[in-house]
file final.tsv (TSV, C-alpha atoms and all ligand atoms)
chain	number	residue	atom	x	y	z
A	104	MET	CA	126.17	106.06	87.85
A	105	THR	CA	126.29	103.27	85.33
A	106	PRO	CA	123.79	100.76	86.66
A	107	HIS	CA	125.48	97.69	85.18
A	108	HIS	CA	125.97	94.60	87.29
A	109	LEU	CA	123.63	95.65	90.05
A	110	SER	CA	122.01	92.86	92.00
A	111	PRO	CA	118.19	92.77	91.93
A	112	TYR	CA	118.32	94.46	95.33
A	113	GLY	CA	120.56	97.12	93.82
A	114	TRP	CA	118.00	97.70	91.05
A	115	HIS	CA	115.23	98.08	93.62
A	116	ALA	CA	117.38	100.56	95.56
A	117	LEU	CA	118.21	102.51	92.41
A	118	ALA	CA	114.55	102.70	91.34
A	119	ALA	CA	113.46	103.84	94.81
A	120	ALA	CA	116.25	106.44	94.94
A	121	HIS	CA	115.21	107.99	91.64
A	122	SER	CA	111.54	107.96	92.58
A	123	LEU	CA	112.35	109.68	95.86
A	124	HIS	CA	114.51	112.18	94.00
A	125	ASP	CA	111.59	113.27	91.84
A	126	ALA	CA	109.36	113.62	94.90
A	127	ARG	CA	112.04	115.75	96.62
A	128	VAL	CA	112.13	118.11	93.64
A	129	LEU	CA	108.42	118.77	94.09
A	130	LEU	CA	108.88	119.06	97.86
A	131	ALA	CA	111.60	121.68	97.33
A	132	ILE	CA	109.18	123.74	95.20
A	133	HIS	CA	106.66	123.71	98.07
A	134	VAL	CA	109.37	124.69	100.58
A	135	ASP	CA	110.49	127.55	98.36
A	136	ARG	CA	106.98	128.85	97.77
A	137	GLU	CA	106.24	128.58	101.48
A	138	ALA	CA	109.33	130.62	102.32
A	139	ARG	CA	108.40	133.35	99.85
A	140	HIS	CA	104.72	133.51	100.81
A	141	ASN	CA	104.75	132.77	104.46
A	142	THR	CA	101.00	133.04	104.91
A	143	SER	CA	100.31	130.05	102.66
A	144	SER	CA	101.95	127.62	105.08
A	145	LEU	CA	98.77	126.87	106.96
A	146	ARG	CA	96.76	126.17	103.85
A	147	ASP	CA	99.48	124.09	102.27
A	148	ALA	CA	99.99	122.01	105.36
A	149	ALA	CA	96.30	121.52	106.07
A	150	PRO	CA	96.08	117.93	104.81
A	151	LEU	CA	98.76	116.95	107.32
A	152	LEU	CA	96.45	117.65	110.20
A	153	ARG	CA	94.51	114.51	109.38
A	154	SER	CA	97.54	112.42	108.58
A	155	PRO	CA	97.72	109.12	110.46
A	156	ILE	CA	101.50	109.33	109.97
A	157	TRP	CA	101.65	112.15	112.45
A	158	GLY	CA	99.40	110.42	114.93
A	159	VAL	CA	96.66	113.02	114.66
A	160	ARG	CA	92.96	112.31	114.45
A	161	HIS	CA	90.71	114.36	112.20
A	162	ALA	CA	89.28	116.92	114.60
A	163	SER	CA	86.22	117.81	112.51
A	164	GLY	CA	85.00	114.26	111.82
A	165	GLY	CA	83.38	111.59	113.97
A	166	HIS	CA	80.73	113.35	116.04
A	167	GLY	CA	80.03	110.03	117.69
A	168	ASP	CA	83.61	109.81	118.86
A	169	PRO	CA	84.14	112.24	121.73
A	170	THR	CA	87.81	111.32	122.00
A	171	SER	CA	88.89	112.62	118.61
A	172	ALA	CA	89.37	116.21	119.72
A	173	ILE	CA	91.27	115.07	122.80
A	174	LEU	CA	93.55	112.88	120.74
A	175	THR	CA	94.26	115.80	118.48
A	176	LEU	CA	95.33	117.90	121.43
A	177	GLU	CA	97.34	115.24	123.15
A	178	ARG	CA	99.08	113.64	120.21
A	179	GLY	CA	99.26	116.44	117.68
A	180	PRO	CA	102.49	118.12	116.66
A	181	ALA	CA	103.67	121.00	118.82
A	182	ARG	CA	102.99	123.36	115.96
A	183	VAL	CA	101.52	123.20	112.52
A	184	THR	CA	103.73	121.17	110.23
A	185	THR	CA	105.16	123.09	107.34
A	186	TRP	CA	106.73	121.94	104.09
A	187	ALA	CA	110.08	122.95	105.56
A	188	ASP	CA	109.45	120.61	108.51
A	189	ILE	CA	108.71	117.74	106.16
A	190	SER	CA	111.79	118.48	104.09
A	191	ARG	CA	113.98	118.57	107.21
A	192	ARG	CA	112.49	115.33	108.47
A	193	LEU	CA	113.14	113.61	105.13
A	194	ASP	CA	116.70	114.92	104.96
A	195	GLY	CA	117.24	113.72	108.52
A	196	ARG	CA	116.15	110.22	107.53
A	197	LEU	CA	118.39	110.26	104.46
A	198	THR	CA	121.35	111.52	106.50
A	199	TRP	CA	120.80	108.69	108.98
A	200	LEU	CA	120.63	106.19	106.12
A	201	ALA	CA	123.82	107.59	104.57
A	202	GLN	CA	125.60	107.24	107.89
A	203	GLN	CA	124.49	103.61	108.22
A	204	ILE	CA	126.22	102.77	104.93
A	205	ARG	CA	129.25	104.94	105.74
A	206	ALA	CA	128.59	107.40	102.94
A	207	THR	CA	130.12	110.84	103.24
A	208	VAL	CA	127.42	113.48	103.41
A	209	ALA	CA	128.99	116.58	101.91
A	210	GLU	CA	125.84	118.50	101.05
A	211	ASP	CA	122.88	116.51	99.86
A	212	PRO	CA	122.15	113.33	101.83
A	213	TRP	CA	120.18	111.91	98.87
A	214	TRP	CA	123.25	112.21	96.69
A	215	ALA	CA	125.43	110.59	99.37
A	216	VAL	CA	123.13	107.54	99.45
A	217	TYR	CA	122.73	107.41	95.67
A	218	GLU	CA	126.45	107.56	95.01
A	219	THR	CA	127.09	104.65	97.36
A	220	LEU	CA	124.51	102.30	95.82
A	221	PRO	CA	126.81	100.54	93.30
A	222	ARG	CA	129.25	99.61	96.07
A	223	LEU	CA	126.70	98.05	98.41
A	224	LEU	CA	126.62	94.32	99.04
A	225	PRO	CA	123.26	92.81	98.04
A	226	GLY	CA	122.11	92.36	101.64
A	227	THR	CA	122.82	96.01	102.44
A	228	ALA	CA	121.22	97.13	99.17
A	229	ALA	CA	118.07	95.25	100.21
A	230	VAL	CA	117.85	97.20	103.46
A	231	VAL	CA	118.64	100.51	101.76
A	232	ALA	CA	116.02	99.80	99.09
A	233	ARG	CA	113.39	99.23	101.77
A	234	HIS	CA	114.25	102.48	103.59
A	235	LEU	CA	114.21	104.48	100.35
A	236	ALA	CA	110.91	102.91	99.28
A	237	ASP	CA	109.39	103.68	102.69
A	238	ASP	CA	110.52	107.32	102.53
A	239	ASP	CA	109.28	107.61	98.96
A	240	ALA	CA	105.89	106.14	99.89
A	241	TRP	CA	105.62	108.51	102.85
A	242	VAL	CA	106.51	111.68	100.98
A	243	ARG	CA	104.25	110.71	98.04
A	244	SER	CA	101.35	109.75	100.29
A	245	ARG	CA	97.98	111.47	100.10
A	246	ASP	CA	98.70	113.32	103.32
A	247	VAL	CA	102.00	114.82	102.19
A	248	LEU	CA	102.58	115.44	98.46
A	249	ASP	CA	99.70	113.31	97.14
A	250	LEU	CA	101.94	112.28	94.27
A	251	PRO	CA	101.25	108.94	92.57
A	252	ALA	CA	104.07	106.46	92.21
A	253	ALA	CA	105.88	106.90	88.90
A	254	VAL	CA	104.84	103.46	87.69
A	255	VAL	CA	102.74	102.61	84.63
A	256	PRO	CA	101.65	99.27	83.17
A	257	LEU	CA	104.02	98.04	80.48
A	258	PRO	CA	102.14	98.44	77.21
A	259	GLY	CA	102.21	95.87	74.43
A	260	GLU	CA	100.38	94.93	71.23
A	261	PRO	CA	98.08	93.10	70.93
A	262	VAL	CA	98.41	92.26	74.61
A	263	PRO	CA	100.97	93.35	77.20
A	264	PRO	CA	103.88	90.94	77.53
A	265	ALA	CA	103.71	88.25	80.19
A	266	CYS	CA	106.12	87.92	83.05
A	267	PRO	CA	108.60	85.18	82.13
A	268	ALA	CA	108.50	83.88	85.69
A	269	CYS	CA	104.81	83.85	86.70
A	270	ARG	CA	103.20	84.31	83.25
A	271	GLN	CA	100.88	87.08	84.50
A	272	ARG	CA	100.50	90.09	82.22
A	273	ASN	CA	101.06	92.47	85.07
A	274	LEU	CA	104.44	94.02	84.32
A	275	HIS	CA	104.94	97.67	85.25
A	276	ILE	CA	107.59	100.12	84.19
A	277	GLN	CA	109.18	102.40	86.79
A	278	GLN	CA	110.19	105.53	84.93
A	279	THR	CA	112.10	107.93	87.09
A	280	GLY	CA	115.68	109.06	86.69
A	281	PRO	CA	117.75	108.67	83.52
A	282	ILE	CA	116.28	106.19	81.04
A	283	GLU	CA	119.07	103.68	81.57
A	284	ALA	CA	117.98	103.46	85.21
A	285	TRP	CA	114.35	102.66	84.38
A	286	THR	CA	113.18	99.27	85.52
A	287	VAL	CA	110.34	96.83	84.97
A	288	VAL	CA	108.73	95.03	87.89
A	289	CYS	CA	106.12	92.29	88.07
A	290	ALA	CA	103.15	93.19	90.24
A	291	GLY	CA	102.27	89.52	90.66
A	292	GLU	CA	98.72	88.28	90.76
A	293	TRP	CA	95.50	88.94	92.65
A	294	ARG	CA	93.44	85.81	93.16
A	295	ASP	CA	90.45	85.36	95.49
A	296	GLY	CA	91.20	88.74	97.04
A	297	ARG	CA	94.73	87.72	97.90
A	298	HIS	CA	97.90	89.13	96.42
A	299	ASN	CA	100.55	86.68	95.30
A	300	PRO	CA	103.76	88.62	94.78
A	301	CYS	CA	106.06	87.41	92.02
A	302	LEU	CA	109.26	86.44	93.81
A	303	CYS	CA	112.43	85.00	92.38
A	304	VAL	CA	113.15	81.35	93.15
A	305	GLY	CA	116.88	81.79	92.57
A	306	ALA	CA	118.91	79.49	90.34
A	307	GLY	CA	116.78	78.11	87.51
A	308	CYS	CA	114.10	80.81	87.86
A	309	GLY	CA	112.40	81.73	84.61
A	310	CYS	CA	113.11	85.42	85.09
A	311	GLY	CA	116.36	85.27	83.16
A	312	MET	CA	118.11	87.73	85.43
A	313	GLU	CA	121.87	87.55	85.41
A	314	VAL	CA	121.80	87.52	89.20
A	315	ALA	CA	118.76	85.51	90.33
A	316	VAL	CA	118.26	85.94	94.06
A	317	GLU	CA	115.75	83.78	95.86
A	318	GLY	CA	112.92	85.71	97.53
A	319	VAL	CA	113.46	89.11	95.89
A	320	ALA	CA	110.57	90.72	94.01
A	321	HIS	CA	111.29	90.43	90.29
A	322	ILE	CA	112.86	93.46	88.69
A	323	TRP	CA	114.58	93.89	85.33
A	324	PRO	CA	116.44	96.74	83.64
A	325	ARG	CA	114.00	98.30	81.17
A	326	ALA	CA	116.38	97.83	78.25
A	327	ALA	CA	116.49	94.06	78.78
A	328	VAL	CA	112.69	93.81	78.79
A	329	LEU	CA	112.19	95.98	75.71
A	330	ALA	CA	114.80	93.98	73.83
A	331	GLY	CA	112.79	90.87	74.73
A	332	VAL	CA	109.51	92.41	73.63
A	333	ARG	CA	110.95	93.61	70.33
A	334	SER	CA	112.45	90.23	69.49
A	335	GLU	CA	109.34	88.27	70.38
A	336	THR	CA	107.32	86.77	67.55
A	337	THR	CA	103.56	86.29	67.63
A	338	SER	CA	103.27	84.39	70.88
A	339	GLY	CA	102.71	87.48	72.99
A	340	GLN	CA	105.18	86.12	75.52
A	341	ALA	CA	108.00	88.39	76.50
A	342	ARG	CA	111.35	86.75	76.77
A	343	ILE	CA	113.76	88.65	78.89
A	344	PRO	CA	117.20	87.89	77.61
A	345	CYS	CA	120.51	88.60	79.21
A	346	GLU	CA	124.06	87.49	78.64
A	347	ALA	CA	123.84	84.68	81.16
A	348	ARG	CA	120.82	83.12	79.50
A	349	GLU	CA	121.56	80.16	77.23
B	401	ZN	ZN	105.81	87.73	87.59
B	402	ZN	ZN	113.67	85.06	89.18

call {"tool": "encode", "arguments": {"input": "final.tsv", "output": "structure tokens", "more": "lines below"}}
Ligand SMILES: [Zn+2]
Ligand SMILES: [Zn+2]
result
Amino acid sequence: MTPHHLSPYGWHALAAAHSLHDARVLLAIHVDREARHNTSSLRDAAPLLRSPIWGVRHASGGHGDPTSAILTLERGPARVTTWADISRRLDGRLTWLAQQIRATVAEDPWWAVYETLPRLLPGTAAVVARHLADDDAWVRSRDVLDLPAAVVPLPGEPVPPACPACRQRNLHIQQTGPIEAWTVVCAGEWRDGRHNPCLCVGAGCGCGMEVAVEGVAHIWPRAAVLAGVRSETTSGQARIPCEARE
């Protein structure tokens, strides 16, 4: 896929798809190992027993809470969850998502969704991005793969570049998938214990995005940001240029 001319929602969807792809690769390794060494399933799946996602309370904790064991019995899965179960559940969600956007699922539902991304209208891309991000967060969570998000702070000398919209130095680079699909996002600002996300204000926004969409969390193609950082002088301010910028 050539990720040119994606809307900001399309960029969010693309980044989430690639992040989920990397997590699925690791999941497939677990499934494979589980199939070859059947006895390791219980040990591998042990963290899931305390996962709030599965509606199960930790049976061994909370002596003062006599209901925890009952909840485990009543609300627990019918059998111990295996990596194969998780993989099937994820593929089921991706297949459902592919069907919602009328993608043809030939073999891999991830691929079916991914391939359709460039053709999605921005509103649909926004919904798809949210579903992919949710699935990625679930499969990377502490109770499943325990895999951190593939996001690192954007480095810079002497100080990291500032966001051209909110001026916070809190830009992060999302580095999954091919390098041309990498993106930079602004994590916004924490003040007085509250998080202020950095959202686009649409036309006239300082973000410099070719397509500025009101309300969407700021996201830029990595190449555009690095070009801005390289061309900056001594001010320490990143300018994020694009063709549409005067
Ligand atoms: Zn910002
Ligand atoms: Zn903006």

call {"tool": "residues_near_point", "arguments": {"input": "final.tsv", "point": "(106.1, 101.8, 78.8)", "cutoff": "6 Å", "atoms": "all atoms listed in the file", "output": "PyMOL selection string"}}
result
chain A and resi 257-258+276

call {"tool": "write_last_selection", "arguments": {"input": "final.tsv", "atoms": "C-alpha atoms", "output": "compact mmCIF listing (two decimals), in the frame of the given file"}}
result
# COMPACT_ATOMS: atom_id res chain seq x y z
CA LEU A 257 104.02 98.04 80.48
CA PRO A 258 102.14 98.44 77.21
CA ILE A 276 107.59 100.12 84.19

call {"tool": "atom_distance", "arguments": {"input": "final.tsv", "atom1": "CA of Trp186 (chain A)", "atom2": "CA of Ser244 (chain A)"}}
result
13.9 Å

call {"tool": "residues_near_ligand", "arguments": {"input": "final.tsv", "ligand": "ligand ZN 402 (chain B)", "cutoff": "10 Å", "atoms": "only C-alpha atoms and all ligand atoms", "output": "number ranges by chain"}}
result
A: 111, 267-269, 301-323

call {"tool": "write_last_selection", "arguments": {"input": "final.tsv", "atoms": "C-alpha atoms", "output": "short mmCIF file (atom, residue, chain, number, x, y, z; two decimals), keeping the file's coordinate frame"}}
result
data_model
loop_
_atom_site.label_atom_id
_atom_site.label_comp_id
_atom_site.auth_asym_id
_atom_site.auth_seq_id
_atom_site.Cartn_x
_atom_site.Cartn_y
_atom_site.Cartn_z
CA PRO A 111 118.19 92.77 91.93
CA PRO A 267 108.60 85.18 82.13
CA ALA A 268 108.50 83.88 85.69
CA CYS A 269 104.81 83.85 86.70
CA CYS A 301 106.06 87.41 92.02
CA LEU A 302 109.26 86.44 93.81
CA CYS A 303 112.43 85.00 92.38
CA VAL A 304 113.15 81.35 93.15
CA GLY A 305 116.88 81.79 92.57
CA ALA A 306 118.91 79.49 90.34
CA GLY A 307 116.78 78.11 87.51
CA CYS A 308 114.10 80.81 87.86
CA GLY A 309 112.40 81.73 84.61
CA CYS A 310 113.11 85.42 85.09
CA GLY A 311 116.36 85.27 83.16
CA MET A 312 118.11 87.73 85.43
CA GLU A 313 121.87 87.55 85.41
CA VAL A 314 121.80 87.52 89.20
CA ALA A 315 118.76 85.51 90.33
CA VAL A 316 118.26 85.94 94.06
CA GLU A 317 115.75 83.78 95.86
CA GLY A 318 112.92 85.71 97.53
CA VAL A 319 113.46 89.11 95.89
CA ALA A 320 110.57 90.72 94.01
CA HIS A 321 111.29 90.43 90.29
CA ILE A 322 112.86 93.46 88.69
CA TRP A 323 114.58 93.89 85.33
#

call {"tool": "closest_residue", "arguments": {"input": "final.tsv", "among": "A:Asp194, A:Asp237, A:Asp135, A:Glu218", "to": "Ala119 (chain A)", "atoms": "only C-alpha atoms"}}
result
A:Asp237

call {"tool": "atom_distance", "arguments": {"input": "final.tsv", "atom1": "CA of Gly259 (chain A)", "atom2": "CA of Pro324 (chain A)"}}
result
17.0 Å

call {"tool": "residues_near_point", "arguments": {"input": "final.tsv", "point": "(107.2, 95.0, 89.0)", "cutoff": "7 Å", "atoms": "only C-alpha atoms", "output": "PyMOL selection string"}}
result
chain A and resi 274-275+287-290+321-322

call {"tool": "write_last_selection", "arguments": {"input": "final.tsv", "atoms": "C-alpha atoms", "output": "compact mmCIF listing (two decimals), keeping the file's coordinate frame"}}
result
# COMPACT_ATOMS: atom_id res chain seq x y z
CA LEU A 274 104.44 94.02 84.32
CA HIS A 275 104.94 97.67 85.25
CA VAL A 287 110.34 96.83 84.97
CA VAL A 288 108.73 95.03 87.89
CA CYS A 289 106.12 92.29 88.07
CA ALA A 290 103.15 93.19 90.24
CA HIS A 321 111.29 90.43 90.29
CA ILE A 322 112.86 93.46 88.69

call {"tool": "atom_distance", "arguments": {"input": "final.tsv", "atom1": "CA of Gly296 (chain A)", "atom2": "CA of Cys266 (chain A)"}}
result
20.5 Å

call {"tool": "closest_residue", "arguments": {"input": "final.tsv", "among": "A:Ala265, A:Trp285, A:Ala228, A:Ala327", "to": "ligand ZN 401 (chain B)", "atoms": "only C-alpha atoms and all ligand atoms"}}
result
A:Ala265

call {"tool": "axis_aligned_box", "arguments": {"input": "final.tsv", "around": "region 127-140 of chain A", "padding_each_side": "3 Å", "output": "lines of an AutoDock Vina configuration file"}}
result
center_x = 108.4
center_y = 124.6
center_z = 98.0
size_x = 13.4
size_y = 23.8
size_z = 14.7

call {"tool": "residues_around", "arguments": {"input": "final.tsv", "residues": "Arg127 (chain A)", "least_positions_apart": "6", "cutoff": "9 Å", "atoms": "all atoms listed in the file", "output": "count of residues only"}}
result
4

call {"tool": "closest_residue", "arguments": {"input": "final.tsv", "among": "A:Gln271, A:Ala232, A:Asp188, A:Leu248", "to": "Asn299 (chain A)", "atoms": "all atoms listed in the file"}}
result
A:Gln271

call {"tool": "closest_residue", "arguments": {"input": "final.tsv", "among": "A:Gly113, A:His298, A:Glu292, A:Val230", "to": "ligand ZN 401 (chain B)", "atoms": "all atoms listed in the file"}}
result
A:Glu292

call {"tool": "residues_around", "arguments": {"input": "final.tsv", "residues": "Leu223 (chain A)", "least_positions_apart": "3", "cutoff": "10 Å", "atoms": "all atoms listed in the file", "output": "MDAnalysis selection string"}}
result
chainID A and resid 109:110 112:113 204 219:220 226:229 231
